[in-house]
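Coordinates from coords_2.txt are shown below (compact mmCIF, N, CA and C atoms).
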# COMPACT_ATOMS: atom_id res chain seq x y z
N MET A 166 -4.18 10.10 -11.28
CA MET A 166 -3.07 9.29 -10.81
C MET A 166 -3.33 7.83 -11.18
N ARG A 167 -2.27 7.11 -11.51
CA ARG A 167 -2.36 5.68 -11.80
C ARG A 167 -2.22 4.90 -10.48
N ILE A 168 -3.27 4.19 -10.13
CA ILE A 168 -3.30 3.47 -8.86
C ILE A 168 -3.60 2.00 -9.12
N ALA A 169 -2.79 1.12 -8.53
CA ALA A 169 -3.06 -0.32 -8.56
C ALA A 169 -3.70 -0.69 -7.23
N ILE A 170 -4.66 -1.59 -7.29
CA ILE A 170 -5.34 -2.04 -6.08
C ILE A 170 -5.43 -3.56 -6.12
N ALA A 171 -5.20 -4.19 -4.98
CA ALA A 171 -5.25 -5.66 -4.91
C ALA A 171 -5.72 -6.08 -3.53
N SER A 172 -6.32 -7.26 -3.49
CA SER A 172 -6.80 -7.79 -2.21
C SER A 172 -6.84 -9.31 -2.25
N ASP A 173 -7.01 -9.88 -1.08
CA ASP A 173 -7.32 -11.29 -0.99
C ASP A 173 -8.85 -11.42 -0.91
N HIS A 174 -9.32 -12.63 -0.65
CA HIS A 174 -10.76 -12.90 -0.61
C HIS A 174 -11.48 -12.15 0.52
N ALA A 175 -10.79 -11.90 1.62
CA ALA A 175 -11.42 -11.23 2.77
C ALA A 175 -11.73 -9.77 2.48
N ALA A 176 -11.08 -9.20 1.47
CA ALA A 176 -11.23 -7.77 1.21
C ALA A 176 -11.74 -7.45 -0.19
N TYR A 177 -12.16 -8.47 -0.94
CA TYR A 177 -12.53 -8.18 -2.33
C TYR A 177 -13.72 -7.24 -2.44
N GLU A 178 -14.68 -7.30 -1.51
CA GLU A 178 -15.83 -6.39 -1.56
C GLU A 178 -15.39 -4.95 -1.31
N LEU A 179 -14.56 -4.73 -0.29
CA LEU A 179 -14.04 -3.39 -0.01
C LEU A 179 -13.21 -2.90 -1.19
N LYS A 180 -12.42 -3.77 -1.78
CA LYS A 180 -11.59 -3.40 -2.94
C LYS A 180 -12.46 -2.89 -4.09
N ALA A 181 -13.54 -3.59 -4.37
CA ALA A 181 -14.42 -3.19 -5.47
C ALA A 181 -15.03 -1.81 -5.21
N LEU A 182 -15.46 -1.57 -3.98
CA LEU A 182 -16.04 -0.27 -3.63
C LEU A 182 -15.00 0.84 -3.76
N LEU A 183 -13.78 0.58 -3.27
CA LEU A 183 -12.73 1.59 -3.33
C LEU A 183 -12.26 1.84 -4.76
N ALA A 184 -12.19 0.80 -5.57
CA ALA A 184 -11.78 0.97 -6.97
C ALA A 184 -12.79 1.85 -7.70
N ASP A 185 -14.08 1.59 -7.49
CA ASP A 185 -15.12 2.42 -8.12
C ASP A 185 -15.04 3.86 -7.65
N TRP A 186 -14.84 4.06 -6.37
CA TRP A 186 -14.73 5.41 -5.78
C TRP A 186 -13.52 6.16 -6.35
N LEU A 187 -12.39 5.46 -6.45
CA LEU A 187 -11.19 6.10 -7.01
C LEU A 187 -11.38 6.46 -8.48
N ARG A 188 -12.01 5.58 -9.23
CA ARG A 188 -12.29 5.89 -10.65
C ARG A 188 -13.21 7.10 -10.76
N ALA A 189 -14.23 7.15 -9.92
CA ALA A 189 -15.17 8.28 -9.94
C ALA A 189 -14.47 9.59 -9.59
N ASP A 190 -13.36 9.47 -8.85
CA ASP A 190 -12.58 10.65 -8.47
C ASP A 190 -11.55 11.02 -9.56
N GLY A 191 -11.56 10.28 -10.66
CA GLY A 191 -10.71 10.63 -11.79
C GLY A 191 -9.40 9.87 -11.89
N HIS A 192 -9.19 8.90 -11.03
CA HIS A 192 -7.95 8.12 -11.07
C HIS A 192 -8.05 6.98 -12.07
N GLU A 193 -6.91 6.60 -12.62
CA GLU A 193 -6.81 5.42 -13.48
C GLU A 193 -6.48 4.25 -12.56
N VAL A 194 -7.42 3.32 -12.41
CA VAL A 194 -7.26 2.24 -11.43
C VAL A 194 -7.09 0.90 -12.14
N THR A 195 -6.05 0.18 -11.74
CA THR A 195 -5.82 -1.18 -12.22
C THR A 195 -6.15 -2.13 -11.08
N ASP A 196 -7.16 -2.95 -11.27
CA ASP A 196 -7.59 -3.92 -10.26
C ASP A 196 -6.85 -5.22 -10.52
N LEU A 197 -5.99 -5.61 -9.59
CA LEU A 197 -5.15 -6.80 -9.75
C LEU A 197 -5.75 -8.04 -9.08
N GLY A 198 -7.02 -7.95 -8.67
CA GLY A 198 -7.69 -9.10 -8.07
C GLY A 198 -7.48 -9.16 -6.57
N THR A 199 -8.05 -10.12 -5.99
CA THR A 199 -8.94 -11.16 -6.42
C THR A 199 -10.36 -10.58 -6.54
N ASN A 200 -11.24 -11.34 -7.17
CA ASN A 200 -12.56 -10.80 -7.45
C ASN A 200 -13.69 -11.69 -6.98
N GLY A 201 -13.46 -12.40 -5.89
CA GLY A 201 -14.51 -13.26 -5.37
C GLY A 201 -14.17 -13.78 -3.99
N PRO A 202 -15.11 -14.51 -3.38
CA PRO A 202 -14.93 -14.98 -2.01
C PRO A 202 -14.12 -16.25 -1.85
N ASP A 203 -13.72 -16.88 -2.97
CA ASP A 203 -12.94 -18.11 -2.85
C ASP A 203 -11.57 -17.81 -2.25
N SER A 204 -11.16 -18.64 -1.33
CA SER A 204 -9.91 -18.44 -0.61
C SER A 204 -8.71 -18.38 -1.56
N VAL A 205 -7.88 -17.35 -1.37
CA VAL A 205 -6.64 -17.18 -2.13
C VAL A 205 -5.53 -16.83 -1.15
N ASP A 206 -4.31 -16.83 -1.62
CA ASP A 206 -3.17 -16.51 -0.79
C ASP A 206 -2.79 -15.05 -0.98
N TYR A 207 -2.89 -14.26 0.10
CA TYR A 207 -2.62 -12.81 0.01
C TYR A 207 -1.23 -12.48 -0.53
N PRO A 208 -0.17 -13.28 -0.29
CA PRO A 208 1.13 -12.90 -0.84
C PRO A 208 1.12 -12.78 -2.37
N ASP A 209 0.35 -13.64 -3.03
CA ASP A 209 0.30 -13.58 -4.50
C ASP A 209 -0.18 -12.21 -4.97
N TYR A 210 -1.15 -11.65 -4.29
CA TYR A 210 -1.70 -10.36 -4.67
C TYR A 210 -0.82 -9.20 -4.20
N GLY A 211 -0.18 -9.38 -3.07
CA GLY A 211 0.77 -8.38 -2.60
C GLY A 211 1.97 -8.26 -3.53
N TYR A 212 2.48 -9.40 -3.98
CA TYR A 212 3.61 -9.39 -4.91
C TYR A 212 3.21 -8.77 -6.25
N ARG A 213 2.01 -9.08 -6.71
CA ARG A 213 1.50 -8.53 -7.97
C ARG A 213 1.40 -7.00 -7.88
N LEU A 214 0.88 -6.52 -6.76
CA LEU A 214 0.75 -5.08 -6.54
C LEU A 214 2.13 -4.42 -6.45
N ALA A 215 3.04 -5.03 -5.72
CA ALA A 215 4.39 -4.48 -5.58
C ALA A 215 5.08 -4.37 -6.93
N GLU A 216 4.90 -5.35 -7.77
CA GLU A 216 5.52 -5.31 -9.11
C GLU A 216 4.94 -4.16 -9.94
N ALA A 217 3.65 -3.93 -9.82
CA ALA A 217 3.03 -2.83 -10.58
C ALA A 217 3.60 -1.48 -10.14
N VAL A 218 3.81 -1.30 -8.86
CA VAL A 218 4.37 -0.05 -8.35
C VAL A 218 5.86 0.04 -8.69
N ALA A 219 6.59 -1.04 -8.48
CA ALA A 219 8.03 -1.04 -8.74
C ALA A 219 8.34 -0.79 -10.22
N SER A 220 7.51 -1.31 -11.11
CA SER A 220 7.75 -1.16 -12.55
C SER A 220 7.35 0.22 -13.06
N GLY A 221 6.58 0.96 -12.26
CA GLY A 221 6.12 2.27 -12.68
C GLY A 221 4.79 2.25 -13.40
N SER A 222 4.21 1.07 -13.60
CA SER A 222 2.90 1.04 -14.25
C SER A 222 1.82 1.64 -13.35
N ALA A 223 2.08 1.68 -12.04
CA ALA A 223 1.21 2.37 -11.09
C ALA A 223 2.08 3.33 -10.27
N GLU A 224 1.55 4.51 -10.01
CA GLU A 224 2.27 5.48 -9.18
C GLU A 224 2.12 5.17 -7.69
N LYS A 225 0.95 4.68 -7.32
CA LYS A 225 0.65 4.35 -5.93
C LYS A 225 -0.13 3.04 -5.91
N GLY A 226 -0.16 2.41 -4.73
CA GLY A 226 -0.89 1.17 -4.58
C GLY A 226 -1.76 1.16 -3.35
N VAL A 227 -2.84 0.39 -3.42
CA VAL A 227 -3.73 0.15 -2.28
C VAL A 227 -3.81 -1.36 -2.11
N ALA A 228 -3.35 -1.85 -0.95
CA ALA A 228 -3.30 -3.27 -0.65
C ALA A 228 -4.30 -3.58 0.46
N LEU A 229 -5.08 -4.62 0.27
CA LEU A 229 -6.13 -4.96 1.24
C LEU A 229 -6.14 -6.45 1.52
N CYS A 230 -6.29 -6.79 2.78
CA CYS A 230 -6.58 -8.17 3.17
C CYS A 230 -7.42 -8.07 4.45
N GLY A 231 -7.67 -9.17 5.10
CA GLY A 231 -8.52 -9.14 6.28
C GLY A 231 -8.03 -8.18 7.34
N SER A 232 -6.76 -8.29 7.70
CA SER A 232 -6.17 -7.42 8.72
C SER A 232 -5.29 -6.33 8.12
N GLY A 233 -4.86 -6.51 6.89
CA GLY A 233 -3.90 -5.61 6.26
C GLY A 233 -2.46 -5.99 6.55
N ILE A 234 -2.26 -6.85 7.52
CA ILE A 234 -0.90 -7.20 7.95
C ILE A 234 -0.18 -8.06 6.91
N GLY A 235 -0.79 -9.16 6.53
CA GLY A 235 -0.13 -10.09 5.62
C GLY A 235 0.20 -9.48 4.28
N ILE A 236 -0.75 -8.78 3.70
CA ILE A 236 -0.49 -8.21 2.38
C ILE A 236 0.55 -7.11 2.46
N SER A 237 0.58 -6.35 3.57
CA SER A 237 1.60 -5.31 3.70
C SER A 237 2.99 -5.93 3.80
N ILE A 238 3.11 -7.04 4.47
CA ILE A 238 4.40 -7.72 4.56
C ILE A 238 4.84 -8.18 3.18
N SER A 239 3.93 -8.74 2.40
CA SER A 239 4.31 -9.23 1.08
C SER A 239 4.70 -8.08 0.15
N VAL A 240 4.00 -6.96 0.20
CA VAL A 240 4.37 -5.81 -0.62
C VAL A 240 5.76 -5.32 -0.24
N ASN A 241 6.04 -5.27 1.04
CA ASN A 241 7.33 -4.75 1.51
C ASN A 241 8.52 -5.66 1.20
N ARG A 242 8.28 -6.84 0.67
CA ARG A 242 9.39 -7.70 0.24
C ARG A 242 10.09 -7.10 -0.98
N ASN A 243 9.39 -6.24 -1.71
CA ASN A 243 9.98 -5.59 -2.88
C ASN A 243 10.68 -4.32 -2.42
N PRO A 244 11.99 -4.20 -2.63
CA PRO A 244 12.72 -3.04 -2.12
C PRO A 244 12.30 -1.70 -2.74
N ALA A 245 11.56 -1.73 -3.83
CA ALA A 245 11.09 -0.48 -4.43
C ALA A 245 9.79 0.01 -3.78
N CYS A 246 9.23 -0.80 -2.89
CA CYS A 246 7.96 -0.45 -2.26
C CYS A 246 8.13 -0.13 -0.79
N ARG A 247 7.38 0.86 -0.37
CA ARG A 247 7.27 1.20 1.04
C ARG A 247 5.78 1.20 1.35
N CYS A 248 5.32 0.10 1.91
CA CYS A 248 3.91 -0.10 2.19
C CYS A 248 3.64 0.16 3.66
N ALA A 249 2.70 1.06 3.93
CA ALA A 249 2.35 1.40 5.30
C ALA A 249 0.96 0.87 5.63
N LEU A 250 0.88 0.07 6.67
CA LEU A 250 -0.40 -0.41 7.19
C LEU A 250 -0.96 0.68 8.10
N VAL A 251 -2.11 1.20 7.75
CA VAL A 251 -2.71 2.28 8.51
C VAL A 251 -4.15 1.96 8.86
N SER A 252 -4.66 2.67 9.88
CA SER A 252 -6.07 2.48 10.26
C SER A 252 -6.79 3.80 10.47
N GLU A 253 -6.06 4.92 10.30
CA GLU A 253 -6.68 6.24 10.42
C GLU A 253 -5.89 7.24 9.58
N PRO A 254 -6.49 8.38 9.25
CA PRO A 254 -5.88 9.31 8.29
C PRO A 254 -4.55 9.92 8.72
N LEU A 255 -4.32 10.18 9.99
CA LEU A 255 -3.05 10.78 10.39
C LEU A 255 -1.88 9.87 10.05
N SER A 256 -2.01 8.59 10.33
CA SER A 256 -0.94 7.65 9.97
C SER A 256 -0.75 7.59 8.46
N ALA A 257 -1.84 7.65 7.71
CA ALA A 257 -1.73 7.65 6.25
C ALA A 257 -0.97 8.88 5.78
N LYS A 258 -1.29 10.03 6.34
CA LYS A 258 -0.61 11.28 5.99
C LYS A 258 0.88 11.20 6.34
N LEU A 259 1.20 10.75 7.54
CA LEU A 259 2.60 10.66 7.96
C LEU A 259 3.38 9.62 7.17
N SER A 260 2.71 8.58 6.72
CA SER A 260 3.41 7.57 5.90
C SER A 260 3.92 8.17 4.61
N ARG A 261 3.20 9.14 4.07
CA ARG A 261 3.64 9.84 2.87
C ARG A 261 4.66 10.92 3.21
N GLU A 262 4.32 11.73 4.20
CA GLU A 262 5.14 12.90 4.53
C GLU A 262 6.53 12.51 5.02
N HIS A 263 6.62 11.52 5.88
CA HIS A 263 7.90 11.14 6.49
C HIS A 263 8.57 9.93 5.84
N ASN A 264 7.77 9.01 5.29
CA ASN A 264 8.32 7.74 4.81
C ASN A 264 8.22 7.56 3.31
N ASP A 265 7.63 8.52 2.61
CA ASP A 265 7.44 8.43 1.16
C ASP A 265 6.82 7.10 0.77
N ALA A 266 5.85 6.63 1.57
CA ALA A 266 5.16 5.38 1.27
C ALA A 266 4.53 5.49 -0.11
N ASN A 267 4.64 4.42 -0.89
CA ASN A 267 4.01 4.41 -2.20
C ASN A 267 2.87 3.39 -2.27
N VAL A 268 2.65 2.68 -1.18
CA VAL A 268 1.53 1.75 -1.07
C VAL A 268 0.92 1.91 0.33
N ILE A 269 -0.40 1.89 0.37
CA ILE A 269 -1.11 1.92 1.64
C ILE A 269 -1.81 0.58 1.81
N ALA A 270 -1.79 0.05 3.02
CA ALA A 270 -2.48 -1.21 3.31
C ALA A 270 -3.55 -0.95 4.36
N LEU A 271 -4.67 -1.61 4.17
CA LEU A 271 -5.80 -1.50 5.09
C LEU A 271 -6.38 -2.88 5.35
N GLY A 272 -6.92 -3.06 6.54
CA GLY A 272 -7.57 -4.32 6.90
C GLY A 272 -9.07 -4.21 6.72
N ALA A 273 -9.62 -5.00 5.83
CA ALA A 273 -11.05 -4.93 5.52
C ALA A 273 -11.93 -5.37 6.70
N ARG A 274 -11.41 -6.24 7.55
CA ARG A 274 -12.19 -6.69 8.71
C ARG A 274 -12.09 -5.71 9.87
N LEU A 275 -11.24 -4.70 9.72
CA LEU A 275 -11.01 -3.74 10.80
C LEU A 275 -11.36 -2.32 10.43
N THR A 276 -11.50 -2.03 9.14
CA THR A 276 -11.67 -0.66 8.66
C THR A 276 -12.92 -0.58 7.78
N GLY A 277 -13.83 0.31 8.13
CA GLY A 277 -15.03 0.51 7.32
C GLY A 277 -14.74 1.34 6.09
N ILE A 278 -15.71 1.41 5.20
CA ILE A 278 -15.54 2.10 3.94
C ILE A 278 -15.23 3.58 4.12
N ASP A 279 -15.92 4.26 5.03
CA ASP A 279 -15.67 5.69 5.22
C ASP A 279 -14.27 5.96 5.75
N MET A 280 -13.81 5.16 6.70
CA MET A 280 -12.46 5.33 7.23
C MET A 280 -11.42 4.98 6.17
N ALA A 281 -11.69 3.94 5.39
CA ALA A 281 -10.77 3.57 4.30
C ALA A 281 -10.64 4.72 3.31
N LYS A 282 -11.75 5.34 2.94
CA LYS A 282 -11.71 6.48 2.02
C LYS A 282 -10.93 7.65 2.63
N ALA A 283 -11.14 7.90 3.91
CA ALA A 283 -10.42 9.00 4.58
C ALA A 283 -8.92 8.73 4.59
N CYS A 284 -8.53 7.48 4.84
CA CYS A 284 -7.10 7.12 4.84
C CYS A 284 -6.50 7.28 3.45
N ILE A 285 -7.20 6.79 2.45
CA ILE A 285 -6.68 6.87 1.08
C ILE A 285 -6.60 8.32 0.62
N THR A 286 -7.59 9.13 0.97
CA THR A 286 -7.55 10.55 0.62
C THR A 286 -6.33 11.22 1.23
N ALA A 287 -6.08 10.97 2.51
CA ALA A 287 -4.90 11.55 3.18
C ALA A 287 -3.62 11.07 2.51
N PHE A 288 -3.58 9.81 2.17
CA PHE A 288 -2.40 9.22 1.53
C PHE A 288 -2.13 9.85 0.16
N LEU A 289 -3.16 9.98 -0.64
CA LEU A 289 -2.99 10.48 -2.01
C LEU A 289 -2.77 11.98 -2.10
N THR A 290 -3.18 12.71 -1.08
CA THR A 290 -3.07 14.18 -1.15
C THR A 290 -1.89 14.73 -0.36
N THR A 291 -1.07 13.87 0.20
CA THR A 291 0.08 14.32 0.98
C THR A 291 1.36 14.09 0.20
N ASP A 292 2.19 15.09 0.15
CA ASP A 292 3.49 14.99 -0.52
C ASP A 292 4.56 14.55 0.48
N PHE A 293 5.61 13.95 -0.05
CA PHE A 293 6.78 13.60 0.76
C PHE A 293 7.49 14.88 1.15
N ALA A 294 7.84 15.01 2.42
CA ALA A 294 8.50 16.22 2.93
C ALA A 294 9.96 16.30 2.51
N GLY A 295 10.58 15.17 2.16
CA GLY A 295 11.99 15.20 1.77
C GLY A 295 12.86 15.62 2.94
N ASP A 296 13.84 16.45 2.66
CA ASP A 296 14.73 17.00 3.68
C ASP A 296 15.34 15.88 4.52
N ARG A 297 15.26 15.98 5.82
CA ARG A 297 15.91 14.99 6.69
C ARG A 297 15.33 13.58 6.50
N HIS A 298 14.10 13.50 6.01
CA HIS A 298 13.47 12.21 5.82
C HIS A 298 14.03 11.45 4.62
N ALA A 299 14.56 12.17 3.64
CA ALA A 299 15.07 11.53 2.42
C ALA A 299 16.19 10.54 2.73
N ARG A 300 17.07 10.90 3.62
CA ARG A 300 18.19 10.02 3.99
C ARG A 300 17.65 8.71 4.59
N ARG A 301 16.65 8.82 5.40
CA ARG A 301 16.07 7.66 6.06
C ARG A 301 15.33 6.77 5.06
N VAL A 302 14.59 7.40 4.17
CA VAL A 302 13.86 6.64 3.16
C VAL A 302 14.83 5.90 2.25
N ASP A 303 15.94 6.52 1.89
CA ASP A 303 16.94 5.86 1.08
C ASP A 303 17.45 4.59 1.77
N LYS A 304 17.60 4.65 3.07
CA LYS A 304 18.05 3.47 3.81
C LYS A 304 17.02 2.35 3.78
N LEU A 305 15.74 2.69 3.68
CA LEU A 305 14.71 1.66 3.61
C LEU A 305 14.83 0.86 2.32
N SER A 306 15.23 1.51 1.24
CA SER A 306 15.36 0.82 -0.05
C SER A 306 16.73 0.20 -0.25
N HIS A 307 17.67 0.52 0.61
CA HIS A 307 19.04 0.00 0.49
C HIS A 307 19.55 -0.45 1.86
N PRO A 308 18.97 -1.54 2.41
CA PRO A 308 19.41 -1.97 3.74
C PRO A 308 20.84 -2.47 3.71
N PRO A 309 21.56 -2.26 4.81
CA PRO A 309 22.93 -2.76 4.85
C PRO A 309 22.95 -4.29 4.91
N ILE A 310 24.03 -4.86 4.43
CA ILE A 310 24.19 -6.30 4.54
C ILE A 310 24.77 -6.55 5.94
N LEU A 311 24.02 -7.26 6.74
CA LEU A 311 24.43 -7.50 8.11
C LEU A 311 25.08 -8.88 8.23
N GLU A 312 26.14 -8.92 9.00
CA GLU A 312 26.79 -10.20 9.27
C GLU A 312 26.02 -10.89 10.39
N THR A 313 25.85 -12.17 10.24
CA THR A 313 25.18 -12.93 11.28
C THR A 313 26.17 -13.93 11.86
N SER A 314 26.07 -14.16 13.14
CA SER A 314 26.95 -15.14 13.76
C SER A 314 26.29 -16.50 13.70
N ARG A 315 27.10 -17.49 13.58
CA ARG A 315 26.56 -18.85 13.51
C ARG A 315 26.89 -19.61 14.74
Write out the structure in this file as structure tokens.
Amino acid sequence: MRIAIASDHAAYELKALLADWLRADGHEVTDLGTNGPDSVDYPDYGYRLAEAVASGSAEKGVALCGSGIGISISVNRNPACRCALVSEPLSAKLSREHNDANVIALGARLTGIDMAKACITAFLTTDFAGDRHARRVDKLSHPPILETSR
């Protein structure tokens, strides 16, 4: 599988470990940075990852920052991406099965390497259930235009 992975400075060490592990498992991994401890802005890497998934150059994405929150928000700005912030394998599995998530986000300051691997494994090995969930997922990519009162 073609997987893009990106992180900010708080998660670059976890990103490197996960990228190596994914490659060893036979995946084609594109590392979109960052690659050091110098402070960077997580939205830049989230947007880069979202573009890789939206363009089709990556089938799935792994987004990492200190908490996972900021980078997941930035990935979700792209309507072609459904990024799920998870901290355990059941949520990772359900994000695929019910929400057809194409990006998983993890917090490097909150999730150890073994749990991160378990989450990514659940994410990558679970298929979208479709059926009643397909209608809902379509709405995630095509939100209605809401009128706001002034």
Considering only C-alpha atoms, give me a table of residues in segment 223-305 of chain A that are at most 8 Å from segment 208-217 of chain A, with the closest atom pair and distance in Å for each, as CSV.
residue,atom,partner,partner_atom,distance
A:Ala223,CA,A:Ala217,CA,5.5
A:Gly226,CA,A:Leu214,CA,6.8
A:Ala228,CA,A:Gly211,CA,6.8
A:Gly235,CA,A:Pro208,CA,7.2
A:Ile236,CA,A:Gly211,CA,5.1
A:Ser237,CA,A:Gly211,CA,7.1
A:Ser239,CA,A:Gly211,CA,5.2
A:Val240,CA,A:Gly211,CA,4.8
A:Asn241,CA,A:Ala215,CA,7.7
A:Arg242,CA,A:Tyr212,CA,7.9
A:Asn243,CA,A:Ala215,CA,6.3
A:Ala245,CA,A:Ala215,CA,7.9
A:Cys246,CA,A:Ala215,CA,6.3
message: Applying 6 Å and only N, CA and C atoms, which residues near Lys225 of chain A remain after dropping the ones on its own chain fewer than 6 positions away? List them as a VMD selection string.
response: chain A and resid 167 to 169 218 267 to 268
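Comparing the minimum interatomic distances between Pro244 of chain A and each of A:Ala219, A:Ala171, A:Cys284, A:Ile310, counting all atoms listed in the file, we find that A:Ala219 sits nearest.
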field: Residues flagged strand (DSSP E) by DSSP in chain A, as a ChimeraX atom specification
entry: /A:167-172,193-196,225-230,248-250,268-272
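The two atoms in question, atom CA of Cys230 of chain A and atom CA of Glu193 of chain A, are spaced 21.5 Å apart.
Closest approach to Leu271 of chain A among A:Gly221, A:Gly231, A:Gly201, A:Pro308 is made by A:Gly231 (distances from only N, CA and C atoms).
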Please complete segment 233-241 of chain A so it has all heavy atoms, and hand it over as a short mmCIF file (atom, residue, chain, number, x, y, z; two decimals), keeping the file's coordinate frame.
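Written output follows (part.cif):
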data_model
loop_
_atom_site.label_atom_id
_atom_site.label_comp_id
_atom_site.auth_asym_id
_atom_site.auth_seq_id
_atom_site.Cartn_x
_atom_site.Cartn_y
_atom_site.Cartn_z
N GLY A 233 -4.86 -6.51 6.89
CA GLY A 233 -3.90 -5.61 6.26
C GLY A 233 -2.46 -5.99 6.55
O GLY A 233 -1.55 -5.53 5.86
N ILE A 234 -2.26 -6.85 7.52
CA ILE A 234 -0.90 -7.20 7.95
C ILE A 234 -0.18 -8.06 6.91
O ILE A 234 0.90 -7.73 6.45
CB ILE A 234 -0.92 -7.91 9.31
CG1 ILE A 234 -1.48 -6.98 10.39
CG2 ILE A 234 0.48 -8.39 9.69
CD1 ILE A 234 -1.81 -7.67 11.70
N GLY A 235 -0.79 -9.16 6.53
CA GLY A 235 -0.13 -10.09 5.62
C GLY A 235 0.20 -9.48 4.28
O GLY A 235 1.32 -9.62 3.78
N ILE A 236 -0.75 -8.78 3.70
CA ILE A 236 -0.49 -8.21 2.38
C ILE A 236 0.55 -7.11 2.46
O ILE A 236 1.35 -6.94 1.55
CB ILE A 236 -1.80 -7.76 1.67
CG1 ILE A 236 -1.56 -7.69 0.16
CG2 ILE A 236 -2.37 -6.50 2.28
CD1 ILE A 236 -2.83 -7.71 -0.67
N SER A 237 0.58 -6.35 3.57
CA SER A 237 1.60 -5.31 3.70
C SER A 237 2.99 -5.93 3.80
O SER A 237 3.95 -5.40 3.22
CB SER A 237 1.33 -4.39 4.89
OG SER A 237 1.47 -5.06 6.13
N ILE A 238 3.11 -7.04 4.47
CA ILE A 238 4.40 -7.72 4.56
C ILE A 238 4.84 -8.18 3.18
O ILE A 238 6.01 -8.00 2.79
CB ILE A 238 4.34 -8.91 5.55
CG1 ILE A 238 4.16 -8.39 6.98
CG2 ILE A 238 5.58 -9.79 5.44
CD1 ILE A 238 3.83 -9.48 7.99
N SER A 239 3.93 -8.74 2.40
CA SER A 239 4.31 -9.23 1.08
C SER A 239 4.70 -8.08 0.15
O SER A 239 5.68 -8.20 -0.59
CB SER A 239 3.20 -10.09 0.45
OG SER A 239 2.02 -9.36 0.25
N VAL A 240 4.00 -6.96 0.20
CA VAL A 240 4.37 -5.81 -0.62
C VAL A 240 5.76 -5.32 -0.24
O VAL A 240 6.58 -5.00 -1.10
CB VAL A 240 3.34 -4.67 -0.50
CG1 VAL A 240 3.84 -3.40 -1.18
CG2 VAL A 240 2.00 -5.09 -1.09
N ASN A 241 6.04 -5.27 1.04
CA ASN A 241 7.33 -4.75 1.51
C ASN A 241 8.52 -5.66 1.20
O ASN A 241 9.66 -5.25 1.42
CB ASN A 241 7.26 -4.43 3.00
CG ASN A 241 6.61 -3.10 3.25
OD1 ASN A 241 6.86 -2.14 2.53
ND2 ASN A 241 5.77 -3.03 4.27
#
